[in-house]
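Single-structure report; data block below.
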Amino acid sequence: CTATSGASSTAATAAAPTQSKTLTVLTHDSFALSDDVIAGFKKSSGYDVTFVAPGDAGTLVNQLVLTKDSPLGDVVFGIDNTFAGRAISAGIVSPYASPSLPASAAELAPDASHSLTPIDFGYVCLNADKRYFTAHDLALPATLDDLTKPEYAGLLVVPNPASSSPGLAFLAATVGAKGDPGYLDYWTALKANGLKVVKGWTEAYTVEFSGSSGKGSRPLVLSYNTSPAYEVGKDGTAPTVALTSTCFRQVEYAAVIRGAQNEVGATKFIDFLLSDAVQAEIPEQMYMYPVSPTAKLPQAWTTFAPTV
């Protein structure tokens with residue numbers, strides 16, 4: 001009886017979630033929340049919180065897979081639906097069913113395992129610099145097929161699907177539109193028409209794009225349907241526009257990293273991401289739609305960020 005009790009006690013101890021005074025949060029490099037909101041979590045949790053951003057979502061997942069036996073942190077935010085299958089199959093995340101997840105957001109989960117918790121979603125779409133097309137008396141491309149036409153040669157820049165979640169989302173959109181192996185012929189045609197591929201969204205949008213703050217020469221870029229809402233000038237108009245016929249829905253998740261030193265803290269951080277304070281900030285800070293149905297959206301989104 002004593003031996004059995006001892007074995008049961010050992011099993012219960014082994015199953016207990018890990019805890020630590022520190023919490024390491026891995027994110028993609030577009031993660032952003034206000035200092036006040038993050039400070040509120042640090043104060044309420046009592047943890048010494050460190051944020052690590054190794055790159056875009058693709059880089060983030062690659063790093064988690066490569067360091068599976070020696071995890072880089074406790075909790076991750078930024079794995080999206082294009083990389084979700086790889087994250088789950090690689091066994092780099094642990095199940096957690098957050099009581100804070102709205103019932104309406106359950107359908108955004110990739111499966112029923114609770115391995116990945118939906119935090120926000122958005123629409124990856126091509127964006128166009130309207131001023132360029134007006135100046136060159138050129139119609140905006142209306143379809144994916146238009147991008148392969150001679151009049152749009154050398155105008156498009158996209159992030160690399162191998163390292164960028166928006167890039168992979170665009171690849172998925174072309175697979176959905178052209179099928180397999182038809183999408184390969186489509187990408188061959190894009191390349192022949194002067195497509196430029198760069199490492200990530202930041203380089204594509206802020207360096208290569210001719211619109212927004214970009215100083216580049218390319219008036220077509222892969223971004224989000226919400227991006228034009230953040231380009232509205234003092235005249236009340238946006239110099240860019242999302243081409244909604246090219247969109248792909250992206251969902252971003254948070255998860256407990258398997259082997260985390262602070263599993264308790266990881267679950268608290270996921271609940272924090274679903275809190276009213278964070279969900280209210282997501283549109284302004286990360287340009288995505290919060291999963292909370294009660295979070296207020298910026299007024300400009302009604303005009304410049306139509307849902308797809």
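Chain labels follow the order of the structure tokens: the first chain is A, the next B, and so on; residue numbering restarts at 1 in every chain, and ligands are counted from 1 in their shown order.
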### Query
So which residues touch A:Ile88 within 10 Å, counting only C-alpha atoms, skipping near sequence neighbours fewer than 2 positions away, as a PyMOL selection string?
chain A and resi 83-86+90-95+110-111+113+115-116
### Query
If you run DSSP on the backbone, which residues of stretch 53-194 of chain A are strand (DSSP E or B), as a ChimeraX atom specification?
/A:53-55,75-80,93-94,117-129,156-159
Enumerate, in order of chain and increasing residue number, the residues of stretch 38-73 of chain A with an atom no farther than 6 Å from stretch 164-171 of chain A, each with its shortest atom pair and distance in Å to one decimal, counting only C-alpha atoms, as CSV.
```
residue,atom,partner,partner_atom,distance
A:Asp56,CA,A:Ser164,CA,5.4
A:Ala57,CA,A:Ser165,CA,5.4
A:Gly58,CA,A:Ser164,CA,5.1
```
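When the distance limit is 7 Å and only C-alpha atoms are what count, the residues near stretch 141-148 of chain A, minus those fewer than 2 positions from it on the same chain, are A:Ala139, A:Pro150, A:Tyr152, A:Ala189, A:Leu190, A:Asn193, A:Leu243, A:Ser245, A:Thr246.
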### Message
With only C-alpha atoms as the counted atoms, please give the residues lying no more than 6 Å from stretch 221-227 of chain A, apart from itself and same-chain residues fewer than 2 positions off, as JSON, numbers by chain.
### Response
{"A": [123, 124, 125, 126, 127, 156, 157, 158, 229, 230, 242, 305]}
Take the residues from that selection and write them out as a PDB file, in the first residue's frame, keeping C-alpha atoms.
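After the write, part02.pdb holds the following:
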```pdb
ATOM      1  CA  TYR A 123      -6.548  39.145 -44.153  1.00  0.00           C
ATOM      2  CA  VAL A 124      -3.321  38.985 -46.114  1.00  0.00           C
ATOM      3  CA  CYS A 125      -3.893  40.888 -49.364  1.00  0.00           C
ATOM      4  CA  LEU A 126      -1.935  42.657 -52.043  1.00  0.00           C
ATOM      5  CA  ASN A 127      -1.734  46.413 -51.434  1.00  0.00           C
ATOM      6  CA  LEU A 156       5.279  43.321 -57.249  1.00  0.00           C
ATOM      7  CA  VAL A 157       7.272  42.496 -54.109  1.00  0.00           C
ATOM      8  CA  VAL A 158       6.313  39.734 -51.644  1.00  0.00           C
ATOM      9  CA  ALA A 229      -6.391  52.402 -42.727  1.00  0.00           C
ATOM     10  CA  TYR A 230      -3.039  53.324 -41.196  1.00  0.00           C
ATOM     11  CA  ALA A 242      -6.031  46.547 -50.513  1.00  0.00           C
ATOM     12  CA  ALA A 305     -10.301  48.141 -44.075  1.00  0.00           C
TER      13      ALA A 305
END
```
### Query
Quick one: distance from atom CA of A:Thr244 to atom CA of A:Ser210 in Å, one decimal?
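Calculated distance between atom CA of A:Thr244 and atom CA of A:Ser210 is 19.4 Å.
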### Task
Considering only C-alpha atoms, state which residue in the set A:Val65, A:Val37, A:Val49, A:Ala109 is at the smallest distance from A:Arg258.
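Of all the options, A:Val65 lies closest to A:Arg258.
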### Task
Could you jot down the atom CA of A:Lys149 to atom CA of A:Tyr205 separation for me, Å, one decimal place?
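Calculated distance between atom CA of A:Lys149 and atom CA of A:Tyr205 is 22.3 Å.
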### Message
Based on the backbone DSSP call, show me all residues of stretch 39-181 of chain A assigned alpha helix (DSSP H), as a count of residues only.
### Response
43
Please provide as a tab-separated table (two decimals) with all heavy atoms, in the first residue's frame all residues within 8 Å of stretch 39-47 of chain A, with the sequence filter that same-chain residues fewer than 4 positions apart are discarded (counting only C-alpha atoms).
```
chain	number	residue	atom	x	y	z
A	21	LYS	N	10.06	32.03	-11.49
A	21	LYS	CA	9.87	33.47	-11.27
A	21	LYS	C	10.07	34.27	-12.55
A	21	LYS	O	9.76	35.46	-12.61
A	21	LYS	CB	10.84	33.97	-10.20
A	21	LYS	CG	10.56	33.41	-8.80
A	21	LYS	CD	11.54	33.98	-7.78
A	21	LYS	CE	11.24	33.43	-6.38
A	21	LYS	NZ	12.19	33.98	-5.36
A	22	THR	N	10.60	33.60	-13.58
A	22	THR	CA	10.82	34.26	-14.85
A	22	THR	C	9.86	33.71	-15.91
A	22	THR	O	9.38	32.58	-15.79
A	22	THR	CB	12.26	34.08	-15.33
A	22	THR	OG1	12.50	32.68	-15.57
A	22	THR	CG2	13.25	34.60	-14.31
A	23	LEU	N	9.59	34.48	-16.93
A	23	LEU	CA	8.76	34.05	-18.05
A	23	LEU	C	9.37	34.57	-19.33
A	23	LEU	O	9.53	35.78	-19.51
A	23	LEU	CB	7.33	34.57	-17.90
A	23	LEU	CG	6.36	34.14	-19.01
A	23	LEU	CD1	6.04	32.65	-18.89
A	23	LEU	CD2	5.06	34.96	-18.94
A	35	ASP	N	3.37	49.78	-23.55
A	35	ASP	CA	4.18	49.56	-22.35
A	35	ASP	C	3.31	49.43	-21.10
A	35	ASP	O	3.60	48.63	-20.22
A	35	ASP	CB	5.17	50.71	-22.17
A	35	ASP	CG	6.25	50.72	-23.24
A	35	ASP	OD1	6.45	49.69	-23.90
A	35	ASP	OD2	6.90	51.78	-23.42
A	265	GLY	N	3.08	30.13	-15.83
A	265	GLY	CA	3.18	31.48	-16.36
A	265	GLY	C	2.77	31.56	-17.82
A	265	GLY	O	2.17	32.55	-18.25
A	268	LYS	N	-0.93	31.75	-18.00
A	268	LYS	CA	-1.38	33.08	-17.57
A	268	LYS	C	-1.18	34.11	-18.67
A	268	LYS	O	-2.00	35.02	-18.85
A	268	LYS	CB	-0.63	33.51	-16.31
A	268	LYS	CG	-1.03	32.75	-15.04
A	268	LYS	CD	-0.28	33.28	-13.82
A	268	LYS	CE	-0.71	32.56	-12.56
A	268	LYS	NZ	0.01	33.06	-11.35
A	272	PHE	N	-3.87	36.39	-20.58
A	272	PHE	CA	-3.63	37.83	-20.69
A	272	PHE	C	-3.86	38.31	-22.12
A	272	PHE	O	-4.49	39.36	-22.33
A	272	PHE	CB	-2.20	38.11	-20.24
A	272	PHE	CG	-1.63	39.44	-20.65
A	272	PHE	CD1	-2.12	40.62	-20.13
A	272	PHE	CD2	-0.58	39.50	-21.56
A	272	PHE	CE1	-1.57	41.86	-20.51
A	272	PHE	CE2	-0.03	40.72	-21.94
A	272	PHE	CZ	-0.53	41.90	-21.41
```
